[in-house]
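Visitor: Data file data-v6.pdb (PDB, C-alpha atoms and all ligand atoms) is appended below.
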MODEL        1
ATOM      1  CA  MET A 142     113.039  85.860  83.137
ATOM      2  CA  VAL A 143     109.485  87.173  83.429
ATOM      3  CA  THR A 144     109.344  90.419  85.381
ATOM      4  CA  ARG A 145     106.108  91.736  86.830
ATOM      5  CA  ILE A 146     105.570  95.291  88.028
ATOM      6  CA  ASN A 147     102.588  95.741  90.331
ATOM      7  CA  PRO A 148     101.963  99.378  91.296
ATOM      8  CA  SER A 149     100.413  99.854  94.732
ATOM      9  CA  ILE A 150      97.421 102.182  94.689
ATOM     10  CA  LEU A 151      98.123 103.067  98.312
ATOM     11  CA  ALA A 152     100.194 105.858  96.740
ATOM     12  CA  ALA A 153      97.516 106.902  94.228
ATOM     13  CA  ASP A 154      95.231 109.908  94.595
ATOM     14  CA  PHE A 155      92.237 108.521  96.506
ATOM     15  CA  ALA A 156      90.018 111.227  95.023
ATOM     16  CA  ASN A 157      90.995 110.057  91.513
ATOM     17  CA  LEU A 158      91.426 106.310  91.714
ATOM     18  CA  GLU A 159      89.808 105.521  88.377
ATOM     19  CA  ARG A 160      92.046 108.056  86.632
ATOM     20  CA  ASP A 161      95.128 106.669  88.372
ATOM     21  CA  LEU A 162      94.209 103.068  87.496
ATOM     22  CA  GLY A 163      94.171 104.214  83.867
ATOM     23  CA  ARG A 164      97.690 105.624  84.222
ATOM     24  CA  ILE A 165      99.226 102.262  85.114
ATOM     25  CA  ARG A 166      97.734 100.096  82.382
ATOM     26  CA  THR A 167     101.217  99.074  81.176
ATOM     27  CA  ALA A 168     101.854  97.347  84.507
ATOM     28  CA  ASP A 169     101.075  93.685  85.160
ATOM     29  CA  LEU A 170      98.691  93.718  88.115
ATOM     30  CA  VAL A 171      97.311  96.360  90.456
ATOM     31  CA  HIS A 172      98.523  95.862  94.031
ATOM     32  CA  VAL A 173      95.804  96.708  96.557
ATOM     33  CA  ASP A 174      96.823  97.013 100.217
ATOM     34  CA  ILE A 175      94.034  95.984 102.586
ATOM     35  CA  MET A 176      94.727  97.116 106.170
ATOM     36  CA  ASP A 177      92.504  96.669 109.222
ATOM     37  CA  ASN A 178      94.117  98.860 111.913
ATOM     38  CA  HIS A 179      94.783  95.681 113.933
ATOM     39  CA  PHE A 180      97.383  93.676 112.067
ATOM     40  CA  VAL A 181      98.962  97.002 111.071
ATOM     41  CA  PRO A 182      98.350 100.473 112.535
ATOM     42  CA  ASN A 183      96.623 101.813 109.426
ATOM     43  CA  LEU A 184      93.279 101.464 107.691
ATOM     44  CA  THR A 185      92.593 101.404 103.950
ATOM     45  CA  PHE A 186      90.066  99.677 101.697
ATOM     46  CA  GLY A 187      87.372  97.065 102.294
ATOM     47  CA  PRO A 188      85.308  94.797 100.027
ATOM     48  CA  PRO A 189      82.812  97.360  98.611
ATOM     49  CA  VAL A 190      85.581  99.710  97.515
ATOM     50  CA  VAL A 191      87.731  96.916  96.085
ATOM     51  CA  ASP A 192      84.725  95.511  94.182
ATOM     52  CA  ARG A 193      83.919  98.851  92.607
ATOM     53  CA  LEU A 194      87.536  99.632  91.708
ATOM     54  CA  ALA A 195      87.896  96.225  90.060
ATOM     55  CA  GLN A 196      85.000  97.107  87.760
ATOM     56  CA  VAL A 197      86.832 100.144  86.383
ATOM     57  CA  SER A 198      90.398  98.775  86.421
ATOM     58  CA  PRO A 199      92.037  97.803  83.115
ATOM     59  CA  LEU A 200      94.204  95.295  85.049
ATOM     60  CA  PRO A 201      93.399  92.487  87.509
ATOM     61  CA  PHE A 202      94.027  92.881  91.229
ATOM     62  CA  ASP A 203      96.812  91.531  93.407
ATOM     63  CA  LEU A 204      95.422  91.859  96.937
ATOM     64  CA  HIS A 205      97.742  92.159  99.931
ATOM     65  CA  LEU A 206      95.786  91.494 103.101
ATOM     66  CA  MET A 207      97.435  93.077 106.134
ATOM     67  CA  ILE A 208      94.634  91.966 108.416
ATOM     68  CA  GLU A 209      93.990  89.725 111.377
ATOM     69  CA  ASN A 210      91.752  86.706 110.853
ATOM     70  CA  PRO A 211      92.307  86.479 107.076
ATOM     71  CA  GLU A 212      90.091  83.344 107.051
ATOM     72  CA  ARG A 213      87.152  85.674 107.551
ATOM     73  CA  TRP A 214      87.839  87.926 104.547
ATOM     74  CA  ALA A 215      90.197  86.337 102.045
ATOM     75  CA  PRO A 216      87.700  83.889 100.442
ATOM     76  CA  GLY A 217      85.250  86.727  99.747
ATOM     77  CA  TYR A 218      87.908  88.670  97.864
ATOM     78  CA  ALA A 219      88.710  85.566  95.827
ATOM     79  CA  GLU A 220      85.028  85.007  95.071
ATOM     80  CA  ALA A 221      84.777  88.614  93.912
ATOM     81  CA  GLY A 222      87.411  87.835  91.274
ATOM     82  CA  ALA A 223      90.777  88.889  92.690
ATOM     83  CA  TYR A 224      93.603  87.487  90.568
ATOM     84  CA  SER A 225      95.761  86.852  93.624
ATOM     85  CA  VAL A 226      95.095  87.036  97.343
ATOM     86  CA  THR A 227      98.073  87.224  99.682
ATOM     87  CA  PHE A 228      97.645  86.914 103.445
ATOM     88  CA  HIS A 229     100.252  87.239 106.185
ATOM     89  CA  ALA A 230     101.927  84.194 107.714
ATOM     90  CA  GLU A 231     101.863  85.935 111.100
ATOM     91  CA  ALA A 232      98.070  86.307 110.981
ATOM     92  CA  THR A 233      97.026  82.653 110.665
ATOM     93  CA  THR A 234      97.708  79.280 112.236
ATOM     94  CA  ASN A 235      96.528  77.417 109.135
ATOM     95  CA  PRO A 236      98.197  78.927 106.064
ATOM     96  CA  VAL A 237      97.827  75.746 104.041
ATOM     97  CA  GLY A 238      94.097  75.484 104.710
ATOM     98  CA  LEU A 239      93.534  79.067 103.644
ATOM     99  CA  ALA A 240      95.719  78.740 100.548
ATOM    100  CA  ARG A 241      93.789  75.642  99.467
ATOM    101  CA  LYS A 242      90.525  77.471  99.974
ATOM    102  CA  LEU A 243      91.708  80.393  97.802
ATOM    103  CA  ARG A 244      92.924  78.071  95.056
ATOM    104  CA  SER A 245      89.660  76.140  95.119
ATOM    105  CA  ILE A 246      87.834  79.404  94.420
ATOM    106  CA  GLY A 247      90.173  80.119  91.518
ATOM    107  CA  ALA A 248      92.507  82.776  92.910
ATOM    108  CA  ARG A 249      96.262  82.524  93.128
ATOM    109  CA  ALA A 250      97.271  82.047  96.769
ATOM    110  CA  GLY A 251     100.060  84.101  98.305
ATOM    111  CA  ILE A 252     101.745  84.184 101.680
ATOM    112  CA  ALA A 253     103.513  87.290 102.989
ATOM    113  CA  LEU A 254     106.289  87.538 105.550
ATOM    114  CA  LYS A 255     107.154  90.616 107.614
ATOM    115  CA  PRO A 256     110.850  91.549 107.713
ATOM    116  CA  GLY A 257     111.360  89.771 111.052
ATOM    117  CA  THR A 258     109.620  86.518 110.078
ATOM    118  CA  ALA A 259     111.844  83.618 109.076
ATOM    119  CA  ILE A 260     111.213  81.759 105.814
ATOM    120  CA  GLU A 261     112.509  78.357 106.927
ATOM    121  CA  PRO A 262     109.240  76.992 108.411
ATOM    122  CA  TYR A 263     107.446  77.800 105.149
ATOM    123  CA  LEU A 264     109.875  76.277 102.669
ATOM    124  CA  GLU A 265     108.284  72.847 102.835
ATOM    125  CA  LEU A 266     104.897  74.453 102.115
ATOM    126  CA  LEU A 267     105.981  76.003  98.800
ATOM    127  CA  PRO A 268     103.800  73.682  96.654
ATOM    128  CA  GLU A 269     100.744  75.156  98.414
ATOM    129  CA  PHE A 270     101.424  78.701  97.189
ATOM    130  CA  ASP A 271     101.503  80.562  93.891
ATOM    131  CA  GLN A 272     103.508  83.442  95.289
ATOM    132  CA  VAL A 273     105.514  84.422  98.354
ATOM    133  CA  LEU A 274     105.734  88.079  99.335
ATOM    134  CA  VAL A 275     108.911  89.088 101.135
ATOM    135  CA  MET A 276     108.160  92.431 102.791
ATOM    136  CA  THR A 277     111.069  94.812 102.320
ATOM    137  CA  VAL A 278     109.630  97.315 104.839
ATOM    138  CA  GLU A 279     107.474  96.882 107.931
ATOM    139  CA  PRO A 280     103.928  96.641 106.578
ATOM    140  CA  GLY A 281     101.534  99.492 107.227
ATOM    141  CA  PHE A 282     102.668 102.517 105.252
ATOM    142  CA  GLY A 283     103.953 103.531 101.854
ATOM    143  CA  GLY A 284     107.008 105.686 101.339
ATOM    144  CA  GLN A 285     109.388 103.810 103.651
ATOM    145  CA  SER A 286     112.992 102.837 102.903
ATOM    146  CA  PHE A 287     113.879  99.413 101.495
ATOM    147  CA  MET A 288     115.489  97.111 104.080
ATOM    148  CA  PRO A 289     118.502  95.344 102.494
ATOM    149  CA  SER A 290     118.552  92.967 105.483
ATOM    150  CA  THR A 291     115.551  91.138 103.960
ATOM    151  CA  MET A 292     117.578  90.015 100.944
ATOM    152  CA  ARG A 293     119.121  87.056 102.761
ATOM    153  CA  LYS A 294     115.651  85.596 103.240
ATOM    154  CA  LEU A 295     114.818  86.231  99.578
ATOM    155  CA  ARG A 296     117.977  84.405  98.481
ATOM    156  CA  THR A 297     117.153  81.396 100.657
ATOM    157  CA  LEU A 298     113.633  81.350  99.245
ATOM    158  CA  SER A 299     114.793  81.781  95.672
ATOM    159  CA  ALA A 300     117.240  78.867  96.003
ATOM    160  CA  ALA A 301     114.471  76.658  97.438
ATOM    161  CA  VAL A 302     112.052  77.559  94.635
ATOM    162  CA  LYS A 303     114.695  76.847  91.982
ATOM    163  CA  LYS A 304     115.497  73.502  93.581
ATOM    164  CA  SER A 305     111.813  72.586  93.730
ATOM    165  CA  GLY A 306     111.194  73.372  90.068
ATOM    166  CA  LEU A 307     107.916  75.041  91.092
ATOM    167  CA  ASP A 308     106.678  78.220  89.411
ATOM    168  CA  VAL A 309     106.191  80.210  92.616
ATOM    169  CA  TRP A 310     106.372  83.967  92.023
ATOM    170  CA  LEU A 311     108.670  85.829  94.399
ATOM    171  CA  GLN A 312     107.331  89.259  95.245
ATOM    172  CA  VAL A 313     108.957  92.150  97.086
ATOM    173  CA  ASP A 314     107.024  95.088  98.504
ATOM    174  CA  GLY A 315     108.244  98.291 100.113
ATOM    175  CA  GLY A 316     110.738 100.960  99.078
ATOM    176  CA  ILE A 317     111.126  99.639  95.512
ATOM    177  CA  THR A 318     112.829 102.203  93.243
ATOM    178  CA  GLU A 319     115.044 101.995  90.113
ATOM    179  CA  ASP A 320     117.955 101.360  92.497
ATOM    180  CA  THR A 321     116.514  98.896  94.990
ATOM    181  CA  ILE A 322     114.738  96.868  92.300
ATOM    182  CA  VAL A 323     118.153  95.884  90.963
ATOM    183  CA  ILE A 324     119.144  94.517  94.382
ATOM    184  CA  ALA A 325     115.876  92.601  94.787
ATOM    185  CA  ALA A 326     116.025  91.176  91.247
ATOM    186  CA  GLU A 327     119.579  90.035  91.844
ATOM    187  CA  ALA A 328     118.418  88.261  95.023
ATOM    188  CA  GLY A 329     115.758  86.383  93.059
ATOM    189  CA  ALA A 330     112.570  88.483  93.056
ATOM    190  CA  ASN A 331     110.503  88.522  89.852
ATOM    191  CA  THR A 332     107.402  90.423  90.984
ATOM    192  CA  PHE A 333     107.824  93.969  92.228
ATOM    193  CA  VAL A 334     105.347  96.137  94.093
ATOM    194  CA  ALA A 335     106.011  99.856  93.801
ATOM    195  CA  GLY A 336     103.807 102.542  95.304
ATOM    196  CA  SER A 337     105.412 105.934  95.705
ATOM    197  CA  SER A 338     108.038 105.447  93.016
ATOM    198  CA  VAL A 339     105.274 104.932  90.425
ATOM    199  CA  PHE A 340     102.610 107.385  91.587
ATOM    200  CA  ASN A 341     104.962 110.177  92.652
ATOM    201  CA  ALA A 342     106.527 110.112  89.188
ATOM    202  CA  ALA A 343     105.395 112.764  86.702
ATOM    203  CA  ASP A 344     104.679 109.952  84.231
ATOM    204  CA  PRO A 345     103.730 106.670  85.950
ATOM    205  CA  ALA A 346     103.862 104.671  82.684
ATOM    206  CA  LYS A 347     107.406 105.864  82.043
ATOM    207  CA  GLN A 348     108.360 104.943  85.610
ATOM    208  CA  ILE A 349     106.902 101.438  85.144
ATOM    209  CA  ALA A 350     109.061 101.052  82.026
ATOM    210  CA  LEU A 351     112.129 102.275  83.926
ATOM    211  CA  LEU A 352     111.515  99.825  86.756
ATOM    212  CA  ARG A 353     111.001  96.967  84.304
ATOM    213  CA  ALA A 354     114.219  97.800  82.493
ATOM    214  CA  ALA A 355     116.180  98.097  85.743
ATOM    215  CA  ALA A 356     114.896  94.724  86.972
ATOM    216  CA  THR A 357     115.914  92.922  83.807
ATOM    217  CA  GLU A 358     119.249  94.634  83.100
TER     218      GLU A 358
HETATM  219  C1  LIG A 401     103.138  98.669 102.790
HETATM  220  C2  LIG A 401     102.410  98.183 101.577
HETATM  221  C3  LIG A 401     103.072  98.496 100.311
HETATM  222  C4  LIG A 401     103.209  99.965 100.019
HETATM  223  C5  LIG A 401     104.456 100.153  99.215
HETATM  224  O1  LIG A 401     102.599  98.112 103.918
HETATM  225  O2  LIG A 401     102.280  96.771 101.628
HETATM  226  O3  LIG A 401     102.441  97.845  99.220
HETATM  227  O4  LIG A 401     102.124 100.494  99.302
HETATM  228  O5  LIG A 401     104.685 101.505  99.048
HETATM  229  P1  LIG A 401     106.114 102.085  98.627
HETATM  230  O6  LIG A 401     106.431 101.522  97.285
HETATM  231  O7  LIG A 401     105.886 103.542  98.642
HETATM  232  O8  LIG A 401     107.095 101.621  99.670
HETATM  233 ZN    ZN A 402     101.537  95.749  99.820
ENDMDL
END
Translate the structure described by the file into structure tokens.
Guide:
Amino acid sequence: MVTRINPSILAADFANLERDLGRIRTADLVHVDIMDNHFVPNLTFGPPVVDRLAQVSPLPFDLHLMIENPERWAPGYAEAGAYSVTFHAEATTNPVGLARKLRSIGARAGIALKPGTAIEPYLELLPEFDQVLVMTVEPGFGGQSFMPSTMRKLRTLSAAVKKSGLDVWLQVDGGITEDTIVIAAEAGANTFVAGSSVFNAADPAKQIALLRAAATE
């Protein structure tokens, strides 16, 4: 099984982002949390900052848009070269239209679900997406505890993806540590976002290796 570790720079040192991007070069993608203070009660990066960071990052970007009206912003991020752009199911009435737009620009299209959002209505849309993000905390802040209650949804999703034969990546985000990554991997995740566990570690590269090993054990 291919395992991807995507550190979230929400937990990096914002005064030293270029340095911190260099510390996670053994990861797979850089997870960038875009928040608008409307969809979630927090505010982070916008297009000019993401553009500039992408120029100095050794790894491509996996953008997680926690914003209202993703139709307004998501295509621009794709045009700027984001590897993947994930928007929230709760923030749009036309997820398929937006996913098609992102794919037409050349980005991988992702859809994210908050802990309380059911997966069932989206299962028939799986061919439209390259990844599904099952939030394992309420979106908005790093450093929260993993919610095991979200694993049922992940299992349902994982079974549907297997049955479909599609190569849809299953991502989890929130409270991922050496312990919780084992639970999420067992439930079918293959792409793991980790913020505080990577950047609070004395050696982020070593922590990435530990997470990778724990997910594949
Ligand atoms: C939360 C963000 C996460 C966050 C994860 O809304 O989507 O990506 O950075 O941080 P940790 O790993 O600290 O829970
Ligand atoms: Zn995220």
Visitor: Enumerate residues in contact with ligand LIG 401 (chain A): an atom-to-atom distance of at most 10 Å, counting only C-alpha atoms and all ligand atoms. Format the result as a count of residues only.
Guide: 49
Visitor: Smallest atom-to-atom distance to Trp214 in chain A: which of A:Ile349, A:Ala230, A:Ala328, A:Leu243, using all atoms listed in the file?
Guide: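 Of A:Ile349, A:Ala230, A:Ala328, A:Leu243, the one nearest Trp214 in chain A, counting all atoms listed in the file, is A:Leu243.
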Visitor: With only C-alpha atoms and all ligand atoms as the atoms that count, which of A:Asp192, A:Met142, A:Ala300, A:Thr332 lies nearest to ligand ZN 402 (chain A)?
Guide: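 Under the stated criterion, the closest residue is A:Thr332.
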Visitor: For this file, the PyMOL selection byres (((chain A and resi 301) around 12) and not hetatm) selects which residues, as an NGL selection string?
Guide: :A and (260-261 or 263-268 or 273 or 294-300 or 302-309 or 311 or 329)
Visitor: Write a file of the just-selected residues containing C-alpha atoms, as a PDB file, in the coordinates of the input.
Guide:
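As a result, part-v1.pdb now contains:
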ATOM      1  CA  ILE A 260     111.213  81.759 105.814  1.00  0.00           C
ATOM      2  CA  GLU A 261     112.509  78.357 106.927  1.00  0.00           C
ATOM      3  CA  TYR A 263     107.446  77.800 105.149  1.00  0.00           C
ATOM      4  CA  LEU A 264     109.875  76.277 102.669  1.00  0.00           C
ATOM      5  CA  GLU A 265     108.284  72.847 102.835  1.00  0.00           C
ATOM      6  CA  LEU A 266     104.897  74.453 102.115  1.00  0.00           C
ATOM      7  CA  LEU A 267     105.981  76.003  98.800  1.00  0.00           C
ATOM      8  CA  PRO A 268     103.800  73.682  96.654  1.00  0.00           C
ATOM      9  CA  VAL A 273     105.514  84.422  98.354  1.00  0.00           C
ATOM     10  CA  LYS A 294     115.651  85.596 103.240  1.00  0.00           C
ATOM     11  CA  LEU A 295     114.818  86.231  99.578  1.00  0.00           C
ATOM     12  CA  ARG A 296     117.977  84.405  98.481  1.00  0.00           C
ATOM     13  CA  THR A 297     117.153  81.396 100.657  1.00  0.00           C
ATOM     14  CA  LEU A 298     113.633  81.350  99.245  1.00  0.00           C
ATOM     15  CA  SER A 299     114.793  81.781  95.672  1.00  0.00           C
ATOM     16  CA  ALA A 300     117.240  78.867  96.003  1.00  0.00           C
ATOM     17  CA  VAL A 302     112.052  77.559  94.635  1.00  0.00           C
ATOM     18  CA  LYS A 303     114.695  76.847  91.982  1.00  0.00           C
ATOM     19  CA  LYS A 304     115.497  73.502  93.581  1.00  0.00           C
ATOM     20  CA  SER A 305     111.813  72.586  93.730  1.00  0.00           C
ATOM     21  CA  GLY A 306     111.194  73.372  90.068  1.00  0.00           C
ATOM     22  CA  LEU A 307     107.916  75.041  91.092  1.00  0.00           C
ATOM     23  CA  ASP A 308     106.678  78.220  89.411  1.00  0.00           C
ATOM     24  CA  VAL A 309     106.191  80.210  92.616  1.00  0.00           C
ATOM     25  CA  LEU A 311     108.670  85.829  94.399  1.00  0.00           C
ATOM     26  CA  GLY A 329     115.758  86.383  93.059  1.00  0.00           C
TER      27      GLY A 329
END
Visitor: Nearest to ligand ZN 402 (chain A): which of A:Leu194, A:Val275, A:Ile246, A:Leu162 is it, counting only C-alpha atoms and all ligand atoms?
Guide: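 So, comparing all the options, the nearest one is A:Val275.
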Visitor: Please enclose the listed atoms of range 176-179 of chain A in an axis-aligned box, pad each side by 5 Å, and write out the centre and the three edge lengths in Å, rounded to one decimal, as AutoDock Vina command-line options.
Guide:
--center_x 93.6 --center_y 97.3 --center_z 110.1 --size_x 12.3 --size_y 13.2 --size_z 17.8
Visitor: Excluding range 232-237 of chain A and residues on its chain fewer than 5 positions from it, collect all residues at most 7 Å away from it, counting only C-alpha atoms, and give them as number ranges by chain.
Guide: A: 209-211, 269
Visitor: From the set A:Thr144, A:Thr185, A:Asp161, A:Asp154, which residue has the shortest atom-to-atom contact distance to ligand ZN 402 (chain A), counting only C-alpha atoms and all ligand atoms?
Guide: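 Once distances to ligand ZN 402 (chain A) are computed over only C-alpha atoms and all ligand atoms, the minimum belongs to A:Thr185.
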